[in-house]
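**Q** Structure file start36.tsv (TSV, C-alpha atoms) is given on the next line.
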```tsv
chain	number	residue	atom	x	y	z
Y	1	MET	CA	36.95	45.95	25.60
Y	2	LEU	CA	36.05	45.73	21.92
Y	3	LEU	CA	38.23	47.68	19.49
Y	4	LEU	CA	37.64	48.12	15.75
Y	5	LEU	CA	40.89	48.53	13.83
Y	6	LEU	CA	40.54	50.11	10.38
Y	7	ASP	CA	43.73	49.78	8.36
Y	8	ASP	CA	44.47	48.51	4.86
Y	9	ASP	CA	48.14	47.75	5.61
Y	10	HIS	CA	48.44	44.03	6.39
Y	11	PHE	CA	51.73	44.57	8.15
Y	12	PHE	CA	50.34	47.11	10.65
Y	13	GLN	CA	47.04	45.24	10.98
Y	14	HIS	CA	48.87	42.11	12.02
Y	15	PHE	CA	51.30	43.83	14.37
Y	16	TYR	CA	48.82	46.02	16.24
Y	17	ALA	CA	46.01	43.44	16.37
Y	18	LEU	CA	48.44	40.95	17.91
Y	19	LYS	CA	49.80	43.42	20.47
Y	20	LEU	CA	46.32	44.63	21.47
Y	21	ARG	CA	45.01	41.07	21.81
Y	22	GLU	CA	47.97	40.30	24.08
Y	23	GLN	CA	46.53	42.99	26.37
Y	24	GLY	CA	43.17	41.19	26.52
Y	25	ILE	CA	41.46	43.55	24.08
Y	26	THR	CA	39.07	42.00	21.56
Y	27	VAL	CA	40.08	43.31	18.14
Y	28	GLU	CA	37.94	43.33	15.02
Y	29	VAL	CA	39.75	44.32	11.82
Y	30	ALA	CA	38.46	46.06	8.69
Y	31	GLY	CA	40.68	46.50	5.63
Y	32	ASP	CA	39.24	49.78	4.34
Y	33	GLY	CA	36.87	52.58	5.32
Y	34	GLN	CA	33.86	51.12	3.58
Y	35	GLU	CA	34.29	47.73	5.27
Y	36	GLY	CA	34.69	49.50	8.60
Y	37	LEU	CA	31.44	51.41	8.20
Y	38	GLU	CA	29.69	48.18	7.20
Y	39	LYS	CA	30.96	46.49	10.37
Y	40	LEU	CA	29.64	49.39	12.45
Y	41	LYS	CA	26.13	48.49	11.34
Y	42	THR	CA	26.33	45.24	13.30
Y	43	MET	CA	28.82	45.93	16.09
Y	44	ARG	CA	29.43	48.63	18.67
Y	45	PRO	CA	33.10	48.88	19.61
Y	46	ASP	CA	34.31	50.74	22.68
Y	47	ILE	CA	36.85	52.54	20.48
Y	48	ILE	CA	37.86	52.76	16.83
Y	49	LEU	CA	41.48	52.87	15.74
Y	50	LEU	CA	41.44	54.58	12.35
Y	51	ASP	CA	44.07	54.83	9.63
Y	52	LEU	CA	43.76	57.88	7.36
Y	53	ILE	CA	45.12	56.69	4.02
Y	54	MET	CA	42.90	53.80	2.92
Y	55	PRO	CA	41.14	52.68	-0.25
Y	56	LYS	CA	37.41	53.07	-0.97
Y	57	LYS	CA	36.82	55.49	1.90
Y	58	ASN	CA	39.72	57.24	3.58
Y	59	GLY	CA	39.92	58.00	7.27
Y	60	PHE	CA	38.63	61.57	6.93
Y	61	GLU	CA	35.54	60.32	5.09
Y	62	VAL	CA	34.96	57.65	7.73
Y	63	LEU	CA	35.30	60.25	10.51
Y	64	ALA	CA	32.84	62.55	8.78
Y	65	GLU	CA	30.28	59.73	8.44
Y	66	ILE	CA	30.71	58.66	12.06
Y	67	SER	CA	30.35	62.24	13.32
Y	68	SER	CA	27.17	62.82	11.31
Y	69	ASP	CA	25.52	59.60	12.51
Y	70	GLU	CA	23.83	60.05	15.89
Y	71	ASN	CA	24.14	56.33	16.62
Y	72	LEU	CA	27.88	56.28	15.97
Y	73	ARG	CA	29.14	59.69	17.06
Y	74	THR	CA	29.57	58.66	20.70
Y	75	ILE	CA	32.09	55.95	19.75
Y	76	PRO	CA	35.54	57.49	20.29
Y	77	VAL	CA	37.93	57.41	17.35
Y	78	LEU	CA	41.70	57.41	17.78
Y	79	VAL	CA	43.44	58.30	14.53
Y	80	PHE	CA	46.35	56.03	13.82
Y	81	SER	CA	48.34	56.96	10.76
Y	82	THR	CA	51.61	57.93	9.17
Y	83	LEU	CA	50.27	61.33	8.20
Y	84	GLY	CA	51.90	63.54	10.79
Y	85	GLN	CA	51.34	67.03	9.47
Y	86	ASN	CA	49.57	69.35	11.89
Y	87	ALA	CA	46.98	70.20	9.23
Y	88	ASP	CA	45.98	66.54	8.95
Y	89	ILE	CA	45.86	66.07	12.72
Y	90	ASP	CA	43.81	69.28	13.11
Y	91	LYS	CA	41.45	68.17	10.35
Y	92	ALA	CA	40.95	64.79	12.04
Y	93	ILE	CA	40.31	66.45	15.43
Y	94	GLN	CA	37.84	68.88	13.83
Y	95	LEU	CA	36.04	65.91	12.31
Y	96	GLY	CA	35.64	64.42	15.77
Y	97	ALA	CA	38.74	62.31	16.45
Y	98	ALA	CA	39.59	61.88	20.13
Y	99	GLY	CA	43.34	61.82	19.50
Y	100	TYR	CA	46.18	60.92	17.17
Y	101	VAL	CA	49.09	58.49	17.23
Y	102	ASN	CA	51.75	57.88	14.58
Y	103	LYS	CA	51.66	54.18	13.81
Y	104	THR	CA	55.14	53.97	12.31
Y	105	PHE	CA	56.82	54.85	15.62
Y	106	PHE	CA	55.79	51.47	17.06
Y	107	ASP	CA	55.26	53.19	20.39
Y	108	PHE	CA	52.81	50.59	21.58
Y	109	ASP	CA	52.84	51.75	25.21
Y	110	ASN	CA	51.71	55.21	24.13
Y	111	LEU	CA	49.01	53.77	21.89
Y	112	LEU	CA	47.70	51.50	24.65
Y	113	LYS	CA	47.78	54.37	27.17
Y	114	LYS	CA	45.71	56.56	24.85
Y	115	VAL	CA	43.23	53.77	24.09
Y	116	LEU	CA	42.70	53.06	27.80
Y	117	GLU	CA	42.42	56.76	28.71
Y	118	ILE	CA	39.87	57.45	25.99
Y	119	VAL	CA	37.73	54.42	26.83
Y	120	LYS	CA	37.94	55.12	30.57
Y	121	GLY	CA	36.99	58.76	29.97
Y	122	LYS	CA	33.99	57.73	27.92
Y	123	GLN	CA	32.84	55.28	30.61
Y	124	GLU	CA	33.16	57.95	33.30
Y	125	VAL	CA	31.06	60.35	31.23
Y	126	ALA	CA	28.46	57.61	30.69
Y	127	THR	CA	28.08	57.05	34.46
Y	128	LEU	CA	27.62	60.76	35.33
H	1	MET	CA	58.97	54.14	24.33
H	2	SER	CA	59.00	50.40	24.88
H	3	GLN	CA	61.47	48.31	22.97
H	4	ILE	CA	59.76	45.94	20.58
H	5	ASP	CA	61.65	43.07	19.03
H	6	LEU	CA	61.11	43.91	15.38
H	7	SER	CA	63.19	40.98	14.15
H	8	SER	CA	60.22	38.69	14.69
H	9	TYR	CA	58.28	40.85	12.20
H	10	LYS	CA	60.93	40.70	9.47
H	11	SER	CA	59.33	37.79	7.63
H	12	LEU	CA	55.96	39.57	7.64
H	13	TYR	CA	57.70	42.70	6.34
H	14	ILE	CA	59.39	40.76	3.53
H	15	LYS	CA	56.17	38.98	2.58
H	16	THR	CA	54.02	42.11	2.48
H	17	ALA	CA	56.77	44.20	0.83
H	18	ARG	CA	56.98	41.67	-2.01
H	19	GLU	CA	53.19	41.75	-2.40
H	20	TYR	CA	53.29	45.55	-2.71
H	21	LEU	CA	56.16	45.37	-5.20
H	22	GLU	CA	54.18	42.96	-7.38
H	23	LYS	CA	51.19	45.29	-7.26
H	24	LEU	CA	53.40	48.23	-8.18
H	25	ASP	CA	54.77	46.34	-11.21
H	26	ALA	CA	51.21	45.60	-12.34
H	27	ASN	CA	50.17	49.22	-11.76
H	28	LEU	CA	53.05	50.55	-13.87
H	29	ALA	CA	52.20	48.07	-16.63
H	30	SER	CA	48.62	49.41	-16.58
H	31	LEU	CA	49.79	53.02	-16.63
H	32	LYS	CA	51.89	52.31	-19.73
H	33	LYS	CA	48.59	51.55	-21.50
H	34	ASN	CA	46.52	54.31	-19.88
H	35	SER	CA	48.60	56.91	-18.09
H	36	GLY	CA	45.54	58.85	-16.94
H	37	ASP	CA	43.79	56.00	-15.14
H	38	LEU	CA	43.02	57.64	-11.81
H	39	VAL	CA	42.07	54.34	-10.17
H	40	VAL	CA	45.53	52.91	-10.94
H	41	ILE	CA	47.23	56.16	-9.91
H	42	THR	CA	45.34	56.04	-6.58
H	43	GLN	CA	46.22	52.37	-6.10
H	44	THR	CA	49.88	53.10	-6.83
H	45	HIS	CA	49.83	55.87	-4.24
H	46	LEU	CA	48.31	53.52	-1.63
H	47	ASN	CA	50.72	50.67	-2.41
H	48	ILE	CA	53.89	52.75	-2.29
H	49	HIS	CA	52.61	54.55	0.83
H	50	SER	CA	52.10	51.20	2.58
H	51	LEU	CA	55.49	49.91	1.52
H	52	GLY	CA	57.22	53.10	2.65
H	53	SER	CA	55.39	53.22	5.98
H	54	GLN	CA	56.23	49.67	6.94
H	55	SER	CA	59.85	50.20	5.84
H	56	TYR	CA	60.16	53.21	8.15
H	57	ALA	CA	58.43	51.30	10.91
H	58	MET	CA	61.01	48.52	10.64
H	59	GLY	CA	63.86	51.05	10.63
H	60	TYR	CA	64.67	50.63	6.94
H	61	ASN	CA	64.78	54.38	6.48
H	62	SER	CA	66.64	54.57	3.17
H	63	THR	CA	64.12	52.22	1.58
H	64	GLY	CA	61.29	54.16	3.16
H	65	ALA	CA	62.67	57.49	1.95
H	66	LEU	CA	62.86	56.34	-1.68
H	67	CYS	CA	59.29	55.05	-1.42
H	68	GLN	CA	58.23	58.40	0.02
H	69	ILE	CA	59.54	60.30	-3.05
H	70	ILE	CA	57.45	58.07	-5.32
H	71	GLU	CA	54.49	58.37	-2.95
H	72	SER	CA	54.65	62.17	-3.06
H	73	TYR	CA	54.62	62.16	-6.86
H	74	PHE	CA	51.60	59.85	-7.05
H	75	HIS	CA	49.84	61.84	-4.33
H	76	PHE	CA	50.36	64.94	-6.47
H	77	LEU	CA	48.97	63.14	-9.57
H	78	LYS	CA	45.97	61.88	-7.60
H	79	GLU	CA	45.14	65.22	-6.00
H	80	SER	CA	45.61	67.22	-9.22
H	81	ASN	CA	43.97	64.59	-11.45
H	82	THR	CA	47.09	64.65	-13.62
H	83	PRO	CA	48.08	61.70	-15.86
H	84	PHE	CA	51.29	59.84	-15.12
H	85	ASP	CA	53.94	61.35	-17.39
H	86	LEU	CA	55.54	58.40	-19.17
H	87	LYS	CA	58.83	60.30	-19.47
H	88	TYR	CA	59.28	59.45	-15.77
H	89	LEU	CA	58.45	55.76	-16.22
H	90	ALA	CA	62.06	54.57	-16.46
H	91	ASP	CA	63.04	56.55	-13.34
H	92	VAL	CA	60.11	55.19	-11.32
H	93	GLU	CA	60.76	51.64	-12.55
H	94	THR	CA	64.45	51.95	-11.65
H	95	SER	CA	63.54	53.21	-8.19
H	96	ILE	CA	61.11	50.36	-7.61
H	97	ARG	CA	63.76	47.92	-8.78
H	98	LYS	CA	66.19	49.41	-6.23
H	99	VAL	CA	63.57	49.07	-3.50
H	100	ARG	CA	63.13	45.42	-4.51
H	101	GLU	CA	66.90	44.88	-4.32
H	102	SER	CA	66.92	46.44	-0.88
H	103	VAL	CA	64.10	44.15	0.29
H	104	THR	CA	66.06	41.16	-1.07
H	105	ASN	CA	69.13	42.36	0.80
H	106	ILE	CA	67.13	42.69	4.00
H	107	ASP	CA	65.85	39.16	3.52
H	108	ARG	CA	69.25	37.61	2.80
H	109	LEU	CA	71.71	39.77	4.73
H	110	ASP	CA	69.49	41.47	7.30
H	111	HIS	CA	70.26	45.02	6.24
H	112	GLU	CA	68.90	47.42	3.65
H	113	LEU	CA	70.81	49.01	0.77
H	114	ASP	CA	71.84	52.65	0.90
H	115	LEU	CA	69.45	54.19	-1.62
H	116	SER	CA	70.27	57.83	-0.85
H	117	LEU	CA	71.71	58.50	-4.33
H	118	ASN	CA	68.59	57.10	-5.97
H	119	GLU	CA	66.51	59.18	-3.60
H	120	THR	CA	68.35	62.38	-4.54
H	121	ASN	CA	68.20	61.63	-8.27
H	122	LEU	CA	64.48	60.90	-8.21
H	123	PHE	CA	63.70	63.89	-5.99
H	124	GLU	CA	65.39	66.19	-8.50
H	125	LYS	CA	63.54	64.72	-11.47
H	126	LEU	CA	59.95	64.28	-10.36
H	127	PRO	CA	57.59	67.27	-10.39
H	128	GLY	CA	54.84	68.12	-7.91
H	129	GLU	CA	55.08	67.77	-4.16
H	130	SER	CA	58.45	66.06	-4.26
```
Could I get this file's structure written as structure tokens?
**A**
Amino acid sequence: MLLLLLDDDHFFQHFYALKLREQGITVEVAGDGQEGLEKLKTMRPDIILLDLIMPKKNGFEVLAEISSDENLRTIPVLVFSTLGQNADIDKAIQLGAAGYVNKTFFDFDNLLKKVLEIVKGKQEVATL
Amino acid sequence: MSQIDLSSYKSLYIKTAREYLEKLDANLASLKKNSGDLVVITQTHLNIHSLGSQSYAMGYNSTGALCQIIESYFHFLKESNTPFDLKYLADVETSIRKVRESVTNIDRLDHELDLSLNETNLFEKLPGES
């Protein structure tokens, strides 16, 4: 599985990339929204893990661009942020996010479960 | 929720926290010269947000809470395109200094400082979302 992690926080980047790689997942990291969208021109991840508060392009802007691009919109996006207000979660879901996890809780099991569920669900749809 | 040994991430926390604190010092120095610089205000919001988030994540909740008060103020400035009011400079600088002291304490003694009084004082002073 190839996962694109978009997060400007070095601390969270390091922690989550390490934990995901321990699970055998190939992780590519981008440090802001713009860099993430650039990477998507040359790679096709199975899932995107997206922070919301980032420089250059924030997570909402990235989601909007992914949703409006017919080549990218089928890549599932799991929002991964500290913004926990319902309005932000609803906004992300409306923009096409497949789910939301709060990254500061360090609930890695929950994150991994959601990543696997979303990717498995997408593969099942693709084989129908 | 699985138990993760966060102690192995302490050195990464200290390293990145100090990087954010240096950036915050530079941002405040820039805002002294141009208090309406939206790029610096946005950068300050991002830096203090990152520092607060990773503090909460590590369980340093008092440090995270003080960061969150500053973050809310800079989020308000960013969203309302309002210049940084220099009358709050000393309070923000004091708060950042207290956060730095807490990070130093975490590094040396493995526990954060209780910053709840600073948090209350700053919350009462700053306008906007806080």
**Q** When the cut-off is 12 Å and we count all atoms listed in the file, which residues of chain H are near chain Y, given as number ranges by chain?
**A** H: 1-6, 8-20, 39-61, 64, 68, 71, 75
**Q** What's the 10 Å shell around Asp110 in chain H, counting all atoms listed in the file, without same-chain residues fewer than 5 positions away, as a VMD selection string?
**A** chain H and resid 7 10 102 to 105
**Q** Could you tell me which of H:Asp114, H:Glu101, H:Glu124, H:Asp85 comes closest to Lys32 in chain H if we count only C-alpha atoms?
**A**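 Answer, going by the shortest atom-to-atom distance: H:Asp85.
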**Q** What does the distance between CA of Ala30 in chain Y and CA of Tyr100 in chain Y come to in Å, to one decimal place?
**A**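 Result for CA of Ala30 in chain Y versus CA of Tyr100 in chain Y: 18.8 Å, one decimal.
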**Q** What is the distance between CA of Leu86 in chain H and CA of Thr63 in chain H, in Å to one decimal?
**A**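 CA of Thr63 in chain H lies 23.3 Å from CA of Leu86 in chain H.
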**Q** Out of H:Arg108, H:Ala29, H:Val92, H:Leu38, which residue has the shortest atom-to-atom distance to Glu79 in chain H when counting all atoms listed in the file?
**A**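 Smallest separation from Glu79 in chain H among the options: H:Leu38.
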**Q** Which distance in Å separates CA of Phe74 in chain H and CA of Lys57 in chain Y, to one decimal?
**A** 17.8 Å
**Q** Using only C-alpha atoms, determine which residues lie at most 9 Å from range 22-24 of chain Y, disregarding the query and same-chain residues fewer than 5 positions distant; provide the list as a PyMOL selection string.
**A** chain Y and resi 1+17+112
**Q** Save out the residues we just selected, C-alpha atoms, as a compact mmCIF listing (two decimals), in the coordinates of the input.
**A**
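Final file, selection12.txt:
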```
# COMPACT_ATOMS: atom_id res chain seq x y z
CA MET Y 1 36.95 45.95 25.60
CA ALA Y 17 46.01 43.44 16.37
CA LEU Y 112 47.70 51.50 24.65
```
**Q** Go through Y:Val62, Y:Leu18, Y:Thr26, Y:Lys114 and flag the residue nearest Glu38 in chain Y, using only C-alpha atoms for the distances.
**A** Y:Val62
**Q** I'd like the neighbourhood of Glu28 in chain Y as a ChimeraX atom specification, where a residue qualifies if any of its atoms comes within 10 Å (using all atoms listed in the file), though same-chain residues fewer than 5 positions away should be ignored.
**A** /Y:2-6,17,36,39,43,45,48
**Q** Just want the 10 Å neighbourhood of range 86-99 of chain Y, counted on only C-alpha atoms, with same-chain residues fewer than 2 positions away dropped. Output as JSON, numbers by chain.
**A** {"Y": [47, 48, 49, 50, 52, 59, 60, 61, 62, 63, 64, 65, 66, 67, 68, 73, 74, 75, 76, 77, 78, 79, 80, 81, 83, 84, 101, 114, 115, 118]}
**Q** Starting from the incomplete input, reconstruct N, CA and C atoms of range 7-35 of chain H and write that as a PDB file, in the frame of the given file.
**A**
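Written out: result_5.pdb:
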```
ATOM      1  N   SER H   7      62.651  42.065  14.981  1.00  0.00           N
ATOM      2  CA  SER H   7      63.190  40.980  14.150  1.00  0.00           C
ATOM      3  C   SER H   7      62.148  39.899  13.900  1.00  0.00           C
ATOM      4  N   SER H   8      61.242  39.733  14.866  1.00  0.00           N
ATOM      5  CA  SER H   8      60.220  38.690  14.690  1.00  0.00           C
ATOM      6  C   SER H   8      59.195  39.097  13.626  1.00  0.00           C
ATOM      7  N   TYR H   9      59.212  40.376  13.225  1.00  0.00           N
ATOM      8  CA  TYR H   9      58.280  40.850  12.200  1.00  0.00           C
ATOM      9  C   TYR H   9      58.942  40.945  10.821  1.00  0.00           C
ATOM     10  N   LYS H  10      60.216  40.551  10.746  1.00  0.00           N
ATOM     11  CA  LYS H  10      60.930  40.700   9.470  1.00  0.00           C
ATOM     12  C   LYS H  10      60.279  39.860   8.365  1.00  0.00           C
ATOM     13  N   SER H  11      59.904  38.637   8.677  1.00  0.00           N
ATOM     14  CA  SER H  11      59.330  37.790   7.630  1.00  0.00           C
ATOM     15  C   SER H  11      57.994  38.344   7.142  1.00  0.00           C
ATOM     16  N   LEU H  12      57.219  38.938   8.055  1.00  0.00           N
ATOM     17  CA  LEU H  12      55.960  39.570   7.640  1.00  0.00           C
ATOM     18  C   LEU H  12      56.265  40.791   6.767  1.00  0.00           C
ATOM     19  N   TYR H  13      57.293  41.548   7.152  1.00  0.00           N
ATOM     20  CA  TYR H  13      57.700  42.700   6.340  1.00  0.00           C
ATOM     21  C   TYR H  13      58.087  42.255   4.934  1.00  0.00           C
ATOM     22  N   ILE H  14      58.925  41.238   4.840  1.00  0.00           N
ATOM     23  CA  ILE H  14      59.390  40.760   3.530  1.00  0.00           C
ATOM     24  C   ILE H  14      58.203  40.287   2.687  1.00  0.00           C
ATOM     25  N   LYS H  15      57.330  39.530   3.301  1.00  0.00           N
ATOM     26  CA  LYS H  15      56.170  38.980   2.580  1.00  0.00           C
ATOM     27  C   LYS H  15      55.281  40.112   2.040  1.00  0.00           C
ATOM     28  N   THR H  16      54.924  41.044   2.916  1.00  0.00           N
ATOM     29  CA  THR H  16      54.020  42.110   2.480  1.00  0.00           C
ATOM     30  C   THR H  16      54.725  43.079   1.528  1.00  0.00           C
ATOM     31  N   ALA H  17      56.026  43.314   1.744  1.00  0.00           N
ATOM     32  CA  ALA H  17      56.770  44.200   0.830  1.00  0.00           C
ATOM     33  C   ALA H  17      56.769  43.603  -0.576  1.00  0.00           C
ATOM     34  N   ARG H  18      56.969  42.309  -0.679  1.00  0.00           N
ATOM     35  CA  ARG H  18      56.980  41.670  -2.010  1.00  0.00           C
ATOM     36  C   ARG H  18      55.599  41.743  -2.663  1.00  0.00           C
ATOM     37  N   GLU H  19      54.566  41.622  -1.845  1.00  0.00           N
ATOM     38  CA  GLU H  19      53.190  41.750  -2.400  1.00  0.00           C
ATOM     39  C   GLU H  19      52.984  43.160  -2.963  1.00  0.00           C
ATOM     40  N   TYR H  20      53.442  44.172  -2.215  1.00  0.00           N
ATOM     41  CA  TYR H  20      53.290  45.550  -2.710  1.00  0.00           C
ATOM     42  C   TYR H  20      54.115  45.777  -3.970  1.00  0.00           C
ATOM     43  N   LEU H  21      55.310  45.197  -4.014  1.00  0.00           N
ATOM     44  CA  LEU H  21      56.160  45.370  -5.200  1.00  0.00           C
ATOM     45  C   LEU H  21      55.512  44.734  -6.434  1.00  0.00           C
ATOM     46  N   GLU H  22      54.886  43.589  -6.255  1.00  0.00           N
ATOM     47  CA  GLU H  22      54.180  42.960  -7.380  1.00  0.00           C
ATOM     48  C   GLU H  22      53.032  43.834  -7.856  1.00  0.00           C
ATOM     49  N   LYS H  23      52.305  44.396  -6.895  1.00  0.00           N
ATOM     50  CA  LYS H  23      51.190  45.290  -7.260  1.00  0.00           C
ATOM     51  C   LYS H  23      51.712  46.521  -7.990  1.00  0.00           C
ATOM     52  N   LEU H  24      52.833  47.045  -7.531  1.00  0.00           N
ATOM     53  CA  LEU H  24      53.400  48.230  -8.180  1.00  0.00           C
ATOM     54  C   LEU H  24      53.828  47.925  -9.610  1.00  0.00           C
ATOM     55  N   ASP H  25      54.404  46.743  -9.839  1.00  0.00           N
ATOM     56  CA  ASP H  25      54.770  46.340 -11.210  1.00  0.00           C
ATOM     57  C   ASP H  25      53.520  46.302 -12.089  1.00  0.00           C
ATOM     58  N   ALA H  26      52.457  45.704 -11.559  1.00  0.00           N
ATOM     59  CA  ALA H  26      51.210  45.600 -12.340  1.00  0.00           C
ATOM     60  C   ALA H  26      50.616  46.990 -12.592  1.00  0.00           C
ATOM     61  N   ASN H  27      50.700  47.857 -11.586  1.00  0.00           N
ATOM     62  CA  ASN H  27      50.170  49.220 -11.760  1.00  0.00           C
ATOM     63  C   ASN H  27      50.923  49.964 -12.858  1.00  0.00           C
ATOM     64  N   LEU H  28      52.252  49.843 -12.850  1.00  0.00           N
ATOM     65  CA  LEU H  28      53.050  50.550 -13.870  1.00  0.00           C
ATOM     66  C   LEU H  28      52.753  49.982 -15.256  1.00  0.00           C
ATOM     67  N   ALA H  29      52.548  48.676 -15.333  1.00  0.00           N
ATOM     68  CA  ALA H  29      52.200  48.070 -16.630  1.00  0.00           C
ATOM     69  C   ALA H  29      50.864  48.628 -17.123  1.00  0.00           C
ATOM     70  N   SER H  30      49.921  48.827 -16.203  1.00  0.00           N
ATOM     71  CA  SER H  30      48.620  49.410 -16.580  1.00  0.00           C
ATOM     72  C   SER H  30      48.777  50.863 -17.011  1.00  0.00           C
ATOM     73  N   LEU H  31      49.614  51.597 -16.298  1.00  0.00           N
ATOM     74  CA  LEU H  31      49.790  53.020 -16.630  1.00  0.00           C
ATOM     75  C   LEU H  31      50.503  53.215 -17.966  1.00  0.00           C
ATOM     76  N   LYS H  32      51.282  52.227 -18.389  1.00  0.00           N
ATOM     77  CA  LYS H  32      51.890  52.310 -19.730  1.00  0.00           C
ATOM     78  C   LYS H  32      50.804  52.333 -20.797  1.00  0.00           C
ATOM     79  N   LYS H  33      49.688  51.625 -20.522  1.00  0.00           N
ATOM     80  CA  LYS H  33      48.590  51.550 -21.500  1.00  0.00           C
ATOM     81  C   LYS H  33      47.645  52.742 -21.362  1.00  0.00           C
ATOM     82  N   ASN H  34      47.431  53.176 -20.115  1.00  0.00           N
ATOM     83  CA  ASN H  34      46.520  54.310 -19.880  1.00  0.00           C
ATOM     84  C   ASN H  34      47.087  55.144 -18.742  1.00  0.00           C
ATOM     85  N   SER H  35      47.869  56.136 -19.102  1.00  0.00           N
ATOM     86  CA  SER H  35      48.600  56.910 -18.090  1.00  0.00           C
ATOM     87  C   SER H  35      47.698  57.811 -17.250  1.00  0.00           C
TER      88      SER H  35
END
```
